[in-house]
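See structure below.
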Amino acid sequence: MKITCGVDWAEAHHDVALVDEGGVVIARARIDTGATGFSNLLALIGEHGGSIQDTPVALETDKNLLVVALSEAGFTVYPINPRAVARYRERHGQAGGKSDPGDAAVLAHILRTDQHMHRALPVVSEQGRAVKVLARQHQEAIWALHQAISRLRSALLEFYPQALQAFPNLKHRAALTVLAAAPTPAAASKLTRARVVALLKKSGRGNHPALVEQILADLRAPALRQPARVEDAYGHAVAGLIGTVVALQQAVDNLETEMGREFDTHPQAPILRSVPGLGPILAARVLGEIGDDPERFTEPGNLRAYAGTAPVTIASGRSHYVKARKVRNKRLGDACHWWAFAMLTKSAGARAHYDRRRAAGDHHNAALRNLANKLLGRLWWCLANNQSWDDQGAWPHHITTPETTAA
C-alpha cells in the first residue's frame, strides 16, 4: 500500500499526517524538532507499511533541518508553496477553519492526488548548498549595511548636519573613523589638526593638509544645535550605529572572501566565470540559486520561468495580454537584472539586442528583462553541455563591424 506523508513544521514541534491511496488519514502524530522526533517519524512511516523509497513527503519549506534530514535519508521531499496549500485547504472545507494537524493532512493529500504537478526538492551538492548559503548571507549583510548607513545618516541630519557636509559618503573608512572620535558638534569643536591627521592616517588616507582643513571647517561650520543633553544622547546613538556599520562592513568582507573561496573550487565555476558580465559575486549568486542538479531544469524555459524573466500570458475570452512574471525567485531575478545590465558594455550582441527592444517600445527594465531571458537560455545550454560561454555563438545573427568591436 502506497502512503503519502505531510508535515506541518513549526519552531517547537512538527505535526505529521499519513494518508493512504484511498484518501484515508491512517496516522497522525506530533513530533519534536530534534533527532528523537525524526526517529519517531521514521518509525511511524515504517509501522504503516511505508518505505524511504516509496513515501513522498510534503512540507511548506525547503530549508529547515527536517528537510535536510529527510533528503539525506533518501526521501523524495516536495516543498509546497504556502499559497498553493491555502488553495488546497479550501477543497477540504469552506468554513475557513485551519489547524496544524489539518494542514499536515492537506499536504499529504496534495501528494496523493497531484504529486505529478509539483517539483521535488532538487538534488544539490553539498558544495552547491554552501555557495547558496554564503551568497545569500553576503547579500543579506549588504542590505543590513545599507540600512544601518541610512539610519546613521538620518540620525546625523537630526542634530549634526555638518558631519554630512564633511563626509557625504558615510561608507568611507575615514568618515567612520573621524565621526567615531567626534560623534557630536561639541566633540568636533575640540578636535585638533594633529588629531584629525592621526585619524586620517589610521583610516589609510595619509596626511593631506588641505583635506584636514576642509574637514575641520565643515565640522565647525555654524549650525543650529540641539540642547546639550539631547545632543549627547544623539552622540551615543551615532557611536552605536558607527560600530554597527564597521562590524557589518567586516562581515561583508569576510563573507565575500569565503564565498569566493567556496565558489572558485566548484566544478561549474569555470563555465560561469567565462560569461561576460558575471563577476565573482554575481556568478556565485547565480550558481547558488540555480544549484548544480542536472535534472532540475530540463529545458531553458523552466530556468527562465524560475528566474522570472519569461513573461506570463493572460488570455480569457477576447482579453489577451502579456505581463511580467511576479511569482519567481527574486534573488535570481535580481542577479540576472544586474548581469544583463553589465552585458551592455561587455557584449556587442547583447547591446544590439537591448537597443532593438528599446526601439520597439520597451522601457529600460523591460528591455533588460528580455535580454536576461536570452542570456539565461544560453547559460542553460552552456551548463547542460559543459561548455564555456561563446559570445559569437550566443548572438549568431549579430554582425560584428569595426564600430561594434570598438564599442
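Every chain in the C-alpha cells has a letter given in the order shown (A, B, ...), and although residue numbers restart at 1 in each chain, ligands are simply numbered from 1 in the order shown.
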Output as a Markdown table one row per residue of segment 36-104 of chain A within 8 Å of segment 108-125 of chain A: the closest atom pair and its distance in Å to one decimal place, counting only C-alpha atoms, sorted by chain and residue number ascending.
```
| residue | atom | partner | partner_atom | distance |
| --- | --- | --- | --- | --- |
| A:Pro56 | CA | A:Leu111 | CA | 7.3 |
| A:Val57 | CA | A:Ala108 | CA | 7.3 |
| A:Ala58 | CA | A:Ala108 | CA | 6.4 |
| A:Asp62 | CA | A:Leu121 | CA | 7.2 |
| A:Thr76 | CA | A:Ala120 | CA | 6.5 |
| A:Val77 | CA | A:Leu121 | CA | 5.5 |
| A:Tyr78 | CA | A:Ala120 | CA | 4.5 |
| A:Pro79 | CA | A:Leu121 | CA | 6.4 |
| A:Ile80 | CA | A:His118 | CA | 7.5 |
| A:Tyr88 | CA | A:Ile110 | CA | 7.4 |
| A:Ala104 | CA | A:Ala108 | CA | 6.4 |
```
Excluding Trp9 of chain A and its own-chain neighbours fewer than 6 positions away, which residues fall within 10 Å of it when counting only C-alpha atoms? Please give them as a tab-separated table (two decimals) with C-alpha atoms, in the first residue's frame.
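Result went into result.tsv, see below:
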```tsv
chain	number	residue	atom	x	y	z
A	15	ASP	CA	2.64	17.76	13.03
A	16	VAL	CA	2.64	14.67	10.81
A	30	ARG	CA	3.23	15.38	16.80
A	31	ILE	CA	7.00	15.05	16.90
A	32	ASP	CA	9.74	17.22	18.31
A	33	THR	CA	12.21	19.07	16.09
A	59	LEU	CA	6.33	20.41	3.63
A	60	GLU	CA	5.81	24.14	3.26
A	61	THR	CA	9.55	24.87	3.32
A	64	ASN	CA	14.99	23.61	7.71
A	66	LEU	CA	13.98	18.29	8.97
A	67	VAL	CA	14.16	18.81	5.21
A	100	ASP	CA	-1.63	22.41	12.17
A	103	ASP	CA	-2.56	21.28	7.29
A	104	ALA	CA	-0.37	18.19	7.63
```
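With only C-alpha atoms as the atoms that count, the minimum distance from Ile242 of chain A to the choices A:Arg151, A:Lys63, A:Arg225, A:Arg91 is reached by A:Arg151.
Considering the residues A:Arg378, A:Asp253, A:Leu368, A:Arg220 and counting only C-alpha atoms, Trp395 of chain A has its shortest atom-to-atom contact with A:Arg378.
With atom CA of Ala284 of chain A on one side and atom CA of Ala342 of chain A on the other, the separation reads 15.5 Å.
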Practice problem: List the neighbours of Val133 of chain A out to 9 Å using only C-alpha atoms; skip same-chain residues closer than 4 positions along the sequence, and give me the result as a PyMOL selection string. | Solution: chain A and resi 128-129+137-138+259+288
Quiz item: Got a sec: who's within 12 Å of segment 350-364 of chain A, counting only C-alpha atoms, leaving out chain neighbours fewer than 3 positions off, as a count of residues only?
Solution: 35
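Residue nearest Ala307 of chain A, chosen from A:Arg325, A:Arg89, A:His208, A:Lys98 and counting only C-alpha atoms: A:Arg325.
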Self-check item: Non-local contacts of Pro161 of chain A (12 Å; only C-alpha atoms; under 3 positions in same chain excluded) as a VMD selection string
Solution: chain A and resid 152 to 158 164 to 168 183 to 185 218 to 226
Quiz item: With only C-alpha atoms as the basis for distance, which of A:Leu41, A:Leu332, A:Leu18, A:Val85 is at the shortest distance from Ile290 of chain A?
Solution: A:Leu332
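Proximity of A:Ala12, A:Ala180, A:Ile281, A:Leu44 to Ala269 of chain A, computed with only C-alpha atoms, is greatest for A:Ile281.
Within the 8 Å cut-off around Val275 of chain A, using only C-alpha atoms and omitting residues fewer than 3 positions from it on the same chain, the listed residues are Ile271, Leu272, Leu278, Ser388 and Trp389 of chain A.
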Quiz item: Which distance in Å separates atom CA of Val19 of chain A and atom CA of Gln53 of chain A, to one decimal?
Solution: 16.2 Å
Quiz item: Using only C-alpha atoms, which residues sit within 8 Å of Gly50 of chain A once same-chain residues fewer than 6 positions away are excluded, as a list in words?
Solution: Met1, Lys2 and Ile3 of chain A
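Considering only C-alpha atoms, the residue among A:Ile142, A:Ser319, A:Arg285, A:Pro280 positioned nearest to Ala247 of chain A is A:Ile142.
A straight line drawn from atom CA of Ala210 of chain A to atom CA of Thr192 of chain A is 14.3 Å long.
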Every residue of segment 174-353 of chain A that DSSP places in strand (DSSP E or B), as an mmCIF file with all heavy atoms, in the first residue's frame:
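Written output follows (states17.cif):
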```cif
data_model
loop_
_atom_site.group_PDB
_atom_site.id
_atom_site.type_symbol
_atom_site.label_atom_id
_atom_site.label_comp_id
_atom_site.auth_asym_id
_atom_site.auth_seq_id
_atom_site.Cartn_x
_atom_site.Cartn_y
_atom_site.Cartn_z
ATOM 1 N N VAL A 312 4.305 36.177 -18.565
ATOM 2 C CA VAL A 312 3.106 35.382 -18.342
ATOM 3 C C VAL A 312 2.002 35.911 -19.247
ATOM 4 O O VAL A 312 1.779 37.121 -19.327
ATOM 5 C CB VAL A 312 2.653 35.460 -16.869
ATOM 6 C CG1 VAL A 312 1.335 34.732 -16.678
ATOM 7 C CG2 VAL A 312 3.719 34.861 -15.959
ATOM 8 N N THR A 313 1.314 34.992 -19.927
ATOM 9 C CA THR A 313 0.217 35.375 -20.810
ATOM 10 C C THR A 313 -1.114 35.172 -20.094
ATOM 11 O O THR A 313 -1.370 34.099 -19.535
ATOM 12 C CB THR A 313 0.245 34.548 -22.102
ATOM 13 O OG1 THR A 313 1.477 34.764 -22.775
ATOM 14 C CG2 THR A 313 -0.905 34.939 -23.020
ATOM 15 N N ILE A 314 -1.945 36.185 -20.106
ATOM 16 C CA ILE A 314 -3.282 36.128 -19.535
ATOM 17 C C ILE A 314 -4.270 36.187 -20.691
ATOM 18 O O ILE A 314 -4.366 37.198 -21.389
ATOM 19 C CB ILE A 314 -3.539 37.296 -18.560
ATOM 20 C CG1 ILE A 314 -2.429 37.377 -17.512
ATOM 21 C CG2 ILE A 314 -4.904 37.167 -17.913
ATOM 22 C CD1 ILE A 314 -2.337 36.184 -16.608
ATOM 23 N N ALA A 315 -4.992 35.096 -20.916
ATOM 24 C CA ALA A 315 -5.943 35.031 -22.023
ATOM 25 C C ALA A 315 -7.271 34.479 -21.521
ATOM 26 O O ALA A 315 -7.328 33.391 -20.942
ATOM 27 C CB ALA A 315 -5.398 34.152 -23.143
ATOM 28 N N SER A 316 -8.335 35.226 -21.738
ATOM 29 C CA SER A 316 -9.673 34.804 -21.355
ATOM 30 C C SER A 316 -10.673 35.504 -22.267
ATOM 31 O O SER A 316 -10.781 36.736 -22.260
ATOM 32 C CB SER A 316 -9.950 35.162 -19.890
ATOM 33 O OG SER A 316 -11.263 34.785 -19.524
ATOM 34 N N SER A 319 -10.004 38.863 -24.144
ATOM 35 C CA SER A 319 -8.915 39.534 -23.442
ATOM 36 C C SER A 319 -7.628 38.732 -23.589
ATOM 37 O O SER A 319 -7.609 37.517 -23.364
ATOM 38 C CB SER A 319 -9.270 39.695 -21.957
ATOM 39 O OG SER A 319 -8.182 40.226 -21.233
ATOM 40 N N HIS A 320 -6.572 39.387 -23.973
ATOM 41 C CA HIS A 320 -5.286 38.713 -24.151
ATOM 42 C C HIS A 320 -4.171 39.733 -23.945
ATOM 43 O O HIS A 320 -4.069 40.706 -24.694
ATOM 44 C CB HIS A 320 -5.194 38.117 -25.562
ATOM 45 C CG HIS A 320 -3.938 37.321 -25.792
ATOM 46 N ND1 HIS A 320 -2.719 37.898 -26.079
ATOM 47 C CD2 HIS A 320 -3.714 35.982 -25.765
ATOM 48 C CE1 HIS A 320 -1.812 36.965 -26.222
ATOM 49 N NE2 HIS A 320 -2.395 35.780 -26.046
ATOM 50 N N TYR A 321 -3.366 39.512 -22.925
ATOM 51 C CA TYR A 321 -2.229 40.404 -22.719
ATOM 52 C C TYR A 321 -1.095 39.655 -22.021
ATOM 53 O O TYR A 321 -1.301 38.607 -21.417
ATOM 54 C CB TYR A 321 -2.622 41.649 -21.921
ATOM 55 C CG TYR A 321 -3.090 41.402 -20.504
ATOM 56 C CD1 TYR A 321 -2.216 41.523 -19.435
ATOM 57 C CD2 TYR A 321 -4.420 41.073 -20.237
ATOM 58 C CE1 TYR A 321 -2.645 41.311 -18.133
ATOM 59 C CE2 TYR A 321 -4.855 40.859 -18.934
ATOM 60 C CZ TYR A 321 -3.964 40.991 -17.899
ATOM 61 O OH TYR A 321 -4.397 40.771 -16.607
ATOM 62 N N VAL A 322 0.084 40.207 -22.143
ATOM 63 C CA VAL A 322 1.298 39.608 -21.603
ATOM 64 C C VAL A 322 1.855 40.537 -20.535
ATOM 65 O O VAL A 322 1.930 41.752 -20.732
ATOM 66 C CB VAL A 322 2.345 39.381 -22.707
ATOM 67 C CG1 VAL A 322 3.624 38.786 -22.124
ATOM 68 C CG2 VAL A 322 1.780 38.472 -23.794
ATOM 69 N N LYS A 323 2.255 39.985 -19.400
ATOM 70 C CA LYS A 323 2.790 40.798 -18.315
ATOM 71 C C LYS A 323 4.010 40.139 -17.704
ATOM 72 O O LYS A 323 4.300 38.955 -17.947
ATOM 73 C CB LYS A 323 1.729 41.022 -17.236
ATOM 74 C CG LYS A 323 1.319 39.768 -16.488
ATOM 75 C CD LYS A 323 0.339 40.103 -15.374
ATOM 76 C CE LYS A 323 0.027 38.876 -14.520
ATOM 77 N NZ LYS A 323 -0.878 39.206 -13.402
#
```
